[in-house]
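Student: Following this line is target.txt, made up of compact mmCIF, C-alpha atoms:
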```txt
# COMPACT_ATOMS: atom_id res chain seq x y z
CA MET A 1161 -10.74 -18.65 0.92
CA ILE A 1162 -10.12 -19.66 4.54
CA ARG A 1163 -10.23 -23.43 4.97
CA SER A 1164 -9.40 -23.87 8.61
CA TYR A 1165 -7.69 -22.27 11.56
CA ASP A 1166 -4.60 -23.47 13.40
CA THR A 1167 -4.78 -22.17 16.96
CA THR A 1168 -2.14 -24.52 18.40
CA LEU A 1169 1.07 -23.16 16.94
CA GLY A 1170 4.36 -24.39 18.30
CA GLU A 1171 7.25 -21.92 18.66
CA PRO A 1172 9.08 -22.95 15.42
CA ARG A 1173 5.80 -22.75 13.47
CA ARG A 1174 4.96 -19.37 15.03
CA ARG A 1175 8.40 -18.01 14.10
CA GLU A 1176 8.01 -19.21 10.49
CA LEU A 1177 4.52 -17.74 10.39
CA MET A 1178 5.70 -14.33 11.60
CA GLN A 1179 8.79 -14.04 9.33
CA PRO A 1180 6.90 -12.32 6.49
CA LEU A 1181 6.07 -9.46 8.87
CA ILE A 1182 9.68 -8.39 8.32
CA LEU A 1183 8.48 -7.30 4.87
CA THR A 1184 5.66 -5.31 6.49
CA LEU A 1185 8.17 -3.45 8.66
CA LEU A 1186 10.59 -2.92 5.76
CA ILE A 1187 7.86 -1.43 3.55
CA VAL A 1188 6.70 0.92 6.33
CA VAL A 1189 10.27 2.10 6.98
CA VAL A 1190 11.13 2.64 3.29
CA ASP A 1191 7.76 4.28 2.62
CA GLN A 1192 8.04 6.72 5.53
CA ALA A 1193 11.72 7.45 4.83
CA THR A 1194 11.06 8.28 1.17
CA LYS A 1195 8.07 10.42 2.09
CA GLY A 1196 10.18 12.23 4.70
CA ILE A 1197 12.84 12.99 2.09
CA ILE A 1198 10.23 14.27 -0.36
CA VAL A 1199 8.54 16.49 2.24
CA SER A 1200 11.86 17.97 3.39
CA ARG A 1201 13.48 18.48 -0.02
CA VAL A 1202 10.87 18.78 -2.77
CA PRO A 1203 8.47 21.75 -2.85
CA LEU A 1204 4.78 21.04 -3.34
CA PHE A 1205 4.01 20.66 -7.05
CA TYR A 1206 0.69 22.55 -6.81
CA GLN A 1207 2.46 25.64 -5.50
CA THR A 1208 5.61 25.61 -7.62
CA GLY A 1209 5.24 23.20 -10.54
CA TYR A 1210 8.62 21.77 -9.42
CA THR A 1211 9.54 18.32 -10.77
CA ILE A 1212 12.67 16.19 -10.87
CA GLU A 1213 12.91 14.44 -14.20
CA VAL A 1214 14.48 11.01 -13.73
CA LEU A 1215 13.80 9.48 -17.15
CA GLY A 1216 12.86 12.61 -19.03
CA ASP A 1217 9.12 13.19 -19.15
CA PHE A 1218 8.41 9.45 -18.71
CA PHE A 1219 9.25 9.24 -14.99
CA ARG A 1220 9.36 12.20 -12.62
CA ILE A 1221 9.56 12.85 -8.90
CA ILE A 1222 6.99 15.41 -7.75
CA HIS A 1223 5.52 16.27 -4.35
CA VAL A 1224 1.74 16.11 -4.18
CA ARG A 1225 -0.70 15.39 -1.37
CA ASN A 1226 -3.73 13.13 -1.63
CA LEU A 1227 -6.61 13.74 0.78
CA GLY A 1228 -8.61 10.89 -0.76
CA ILE A 1229 -7.92 7.22 -1.29
CA ALA A 1230 -6.87 5.51 -4.52
CA PHE A 1231 -7.00 7.92 -7.48
CA SER A 1232 -8.04 10.72 -5.05
CA VAL A 1233 -11.51 9.21 -4.59
CA GLY A 1234 -13.30 11.04 -1.78
CA HIS A 1235 -10.97 14.05 -1.60
CA GLY A 1236 -13.99 16.38 -1.64
CA LEU A 1237 -15.69 14.82 1.39
CA PRO A 1238 -15.88 16.84 4.61
CA PRO A 1239 -12.63 16.44 6.62
CA TRP A 1240 -14.19 14.57 9.55
CA ILE A 1241 -15.84 12.00 7.25
CA ARG A 1242 -12.57 11.55 5.33
CA ARG A 1243 -10.65 10.95 8.57
CA VAL A 1244 -13.15 8.41 9.86
CA LEU A 1245 -13.60 6.58 6.56
CA PHE A 1246 -10.01 6.66 5.34
CA ILE A 1247 -8.48 5.68 8.66
CA ALA A 1248 -11.11 3.34 10.15
CA LEU A 1249 -11.90 1.45 6.95
CA PRO A 1250 -8.28 0.64 6.03
CA LEU A 1251 -7.57 -0.30 9.66
CA ALA A 1252 -10.53 -2.70 9.65
CA VAL A 1253 -9.31 -4.27 6.39
CA MET A 1254 -5.78 -4.60 7.80
CA VAL A 1255 -7.08 -6.25 11.01
CA LEU A 1256 -9.04 -8.72 8.88
CA LEU A 1257 -5.99 -9.36 6.69
CA PHE A 1258 -3.74 -9.88 9.72
CA PHE A 1259 -6.29 -12.23 11.29
CA THR A 1260 -6.41 -14.24 8.06
CA PHE A 1261 -2.61 -14.11 7.83
CA TYR A 1262 -2.22 -15.40 11.39
CA VAL A 1263 -4.88 -18.09 11.65
CA SER A 1264 -5.55 -19.41 8.16
CA SER A 1265 -3.94 -22.69 7.24
CA ALA A 1266 -5.12 -22.13 3.65
CA LEU A 1267 -2.40 -19.56 2.92
CA THR A 1268 0.94 -20.76 1.67
CA GLN A 1269 4.10 -19.18 3.07
CA ARG A 1270 4.54 -17.28 -0.21
CA GLN A 1271 0.99 -15.93 0.06
CA ARG A 1272 1.75 -14.81 3.63
CA TRP A 1273 4.64 -12.73 2.24
CA PHE A 1274 2.23 -11.11 -0.23
CA VAL A 1275 -0.28 -10.35 2.55
CA ALA A 1276 2.57 -8.91 4.63
CA GLY A 1277 3.43 -6.58 1.73
CA ILE A 1278 -0.17 -5.41 1.50
CA LEU A 1279 -0.19 -4.79 5.26
CA GLY A 1280 3.02 -2.76 5.01
CA GLY A 1281 1.57 -0.54 2.31
CA GLY A 1282 -1.66 -0.10 4.24
CA VAL A 1283 0.17 0.86 7.43
CA GLY A 1284 2.38 3.33 5.53
CA ASN A 1285 -0.59 5.22 4.13
CA VAL A 1286 -2.59 5.13 7.38
CA ILE A 1287 0.41 6.71 9.15
CA ASP A 1288 0.19 9.58 6.66
CA ARG A 1289 -3.57 9.94 7.13
CA VAL A 1290 -3.13 10.19 10.90
CA PHE A 1291 0.01 12.34 11.10
CA ARG A 1292 0.06 14.42 7.89
CA PRO A 1293 -2.89 16.84 7.85
CA LEU A 1294 -2.17 17.86 4.24
CA GLY A 1295 -2.78 14.27 3.11
CA VAL A 1296 -0.85 11.21 1.99
CA VAL A 1297 2.47 12.09 0.36
CA ASP A 1298 2.64 10.89 -3.26
CA PHE A 1299 5.71 11.48 -5.39
CA LEU A 1300 6.16 8.89 -8.17
CA ASP A 1301 4.82 10.26 -11.45
CA VAL A 1302 4.75 8.14 -14.63
CA ARG A 1303 3.64 9.10 -18.11
CA PHE A 1304 0.88 6.83 -19.40
CA TYR A 1305 0.70 7.96 -23.04
CA GLY A 1306 -3.07 8.32 -23.19
CA LEU A 1307 -3.87 4.74 -22.16
CA PHE A 1308 -7.27 4.55 -20.44
CA GLY A 1309 -7.62 8.26 -21.24
CA LEU A 1310 -4.75 9.17 -18.90
CA GLU A 1311 -1.77 11.17 -20.04
CA ARG A 1312 -0.08 10.48 -16.68
CA TRP A 1313 -0.84 7.73 -14.17
CA PRO A 1314 -2.08 9.15 -10.85
CA THR A 1315 0.92 9.98 -8.67
CA PHE A 1316 1.71 7.26 -6.11
CA ASN A 1317 4.21 6.23 -3.43
CA VAL A 1318 6.07 3.18 -2.09
CA ALA A 1319 3.09 2.08 0.04
CA ASP A 1320 0.74 2.22 -2.95
CA SER A 1321 3.21 0.19 -5.01
CA ALA A 1322 3.47 -2.46 -2.29
CA VAL A 1323 -0.31 -2.82 -2.04
CA VAL A 1324 -0.80 -3.10 -5.81
CA VAL A 1325 2.15 -5.41 -6.57
CA CYS A 1326 1.56 -7.71 -3.59
CA GLY A 1327 -2.20 -7.69 -4.22
CA ILE A 1328 -1.72 -8.79 -7.83
CA LEU A 1329 0.81 -11.46 -6.80
CA LEU A 1330 -1.55 -12.73 -4.08
CA ILE A 1331 -4.46 -13.03 -6.51
CA LEU A 1332 -2.30 -14.75 -9.12
CA SER A 1333 -0.92 -17.18 -6.54
CA MET A 1334 -4.45 -18.00 -5.36
CA LEU A 1335 -5.58 -18.58 -8.95
CA MET A 1336 -2.66 -20.94 -9.51
CA THR A 1337 -3.35 -23.19 -6.50
CA PRO A 1338 -4.58 -26.70 -7.29
CA GLU A 1339 -8.04 -25.88 -5.83
CA ALA A 1340 -8.42 -22.84 -8.09
CA ARG A 1341 -7.42 -24.79 -11.21
CA GLU A 1342 -10.19 -27.33 -10.54
```
The structure given in the file should be rewritten as structure tokens.

Tutor:
Amino acid sequence: MIRSYDTTLGEPRRRELMQPLILTLLIVVVDQATKGIIVSRVPLFYQTGYTIEVLGDFFRIIHVRNLGIAFSVGHGLPPWIRRVLFIALPLAVMVLLFFTFYVSSALTQRQRWFVAGILGGGVGNVIDRVFRPLGVVDFLDVRFYGLFGLERWPTFNVADSAVVVCGILLILSMLMTPEARE
């Protein structure tokens, strides 16, 4: 919840405010670097069935492409609708998140780091949607042992991990604030 806005930031305050964006940049760089390695060295799973077993069948590296969003939702939509929805919508959410990040005095510094992580993951996947016509590169494959009816969790990447982990941490931190406890 946004309580108020601080539009008169001094230079030291502005620097402290912007520090978490280092995490955004780091996530984008690691995400794109790992995806680049996968694309250049691991054949597409759908064509070859090729996997790299890291922890036996529990954790594997595979190369798949996702034309949809989370859990491949929307992959069957016409390409032009997918491009508009899956680029414009995440960009709008990221602009809103950055605006909240920058102007809200309700966020703690820790919460700003979590928002920065979400932004990094969002930017990483939008880069794929814009520059990789085959779809977002996913490569982390984990066995799920039938939980929720899934033998394997949907394949994901560094950006997805950043969004999920930082999103959960942000929600938990908001629930643990004094206002939320009341």

Student: Select, counting all atoms listed in the file, all protein, DNA and RNA residues no farther than 8 Å from (0.9, -2.6, -2.5) in file coordinates, and express the selection as JSON, numbers by chain.

Tutor: {"A": [1277, 1278, 1280, 1281, 1282, 1318, 1319, 1320, 1321, 1322, 1323, 1324, 1325, 1326, 1327]}

Student: What's the separation between atom CA of Leu1294 of chain A and atom CA of Arg1225 of chain A, in Å to one decimal place?

Tutor: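 Atom-to-atom, atom CA of Leu1294 of chain A and atom CA of Arg1225 of chain A are spaced 6.3 Å apart.
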
Student: Please work out which residues fall within 12 Å of (3.2, 6.2, -20.1), coordinates as given in the file, with all atoms listed in the file counting, and return them as a list in words.

Tutor: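 Taken together, the residues in range are Leu1215, Gly1216, Asp1217, Phe1218, Phe1219, Arg1220, Asp1301, Val1302, Arg1303, Phe1304, Tyr1305, Gly1306, Leu1307, Phe1308, Gly1309, Leu1310, Glu1311, Arg1312, Trp1313 and Pro1314 of chain A.
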
Student: Compare A:Ile1328, A:Leu1267, A:Val1190, A:Ile1247 by their minimum atom-to-atom distance to Val1286 of chain A, counting all atoms listed in the file, and give me the closest one.

Tutor: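 Among the listed residues, A:Ile1247 lies closest to Val1286 of chain A.
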
Student: Which residues are near Thr1268 of chain A? Cut-off 10 Å, all atoms listed in the file, ignore same chain within fewer than 6 positions. Put them as a list in words.

Tutor: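 Counting only the stated atoms, we get Leu1177, Phe1261, Phe1274, Ser1333, Met1334 and Thr1337 of chain A.
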
Student: A:Val1283, A:Arg1292, A:Leu1300, A:Phe1246: which is nearest Thr1211 of chain A, counting all atoms listed in the file?

Tutor: A:Leu1300

Student: May I ask which of the residues A:Leu1186, A:Ile1222, A:Ile1212, A:Met1254 is the closest one to Val1199 of chain A, counting all atoms listed in the file?

Tutor: A:Ile1222

Student: Given the choices A:Leu1251, A:Leu1257, A:Leu1245, A:Val1188, which gets closest to Arg1272 of chain A if the distance is worked out from all atoms listed in the file?

Tutor: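 Of all the options, A:Leu1257 lies closest to Arg1272 of chain A.
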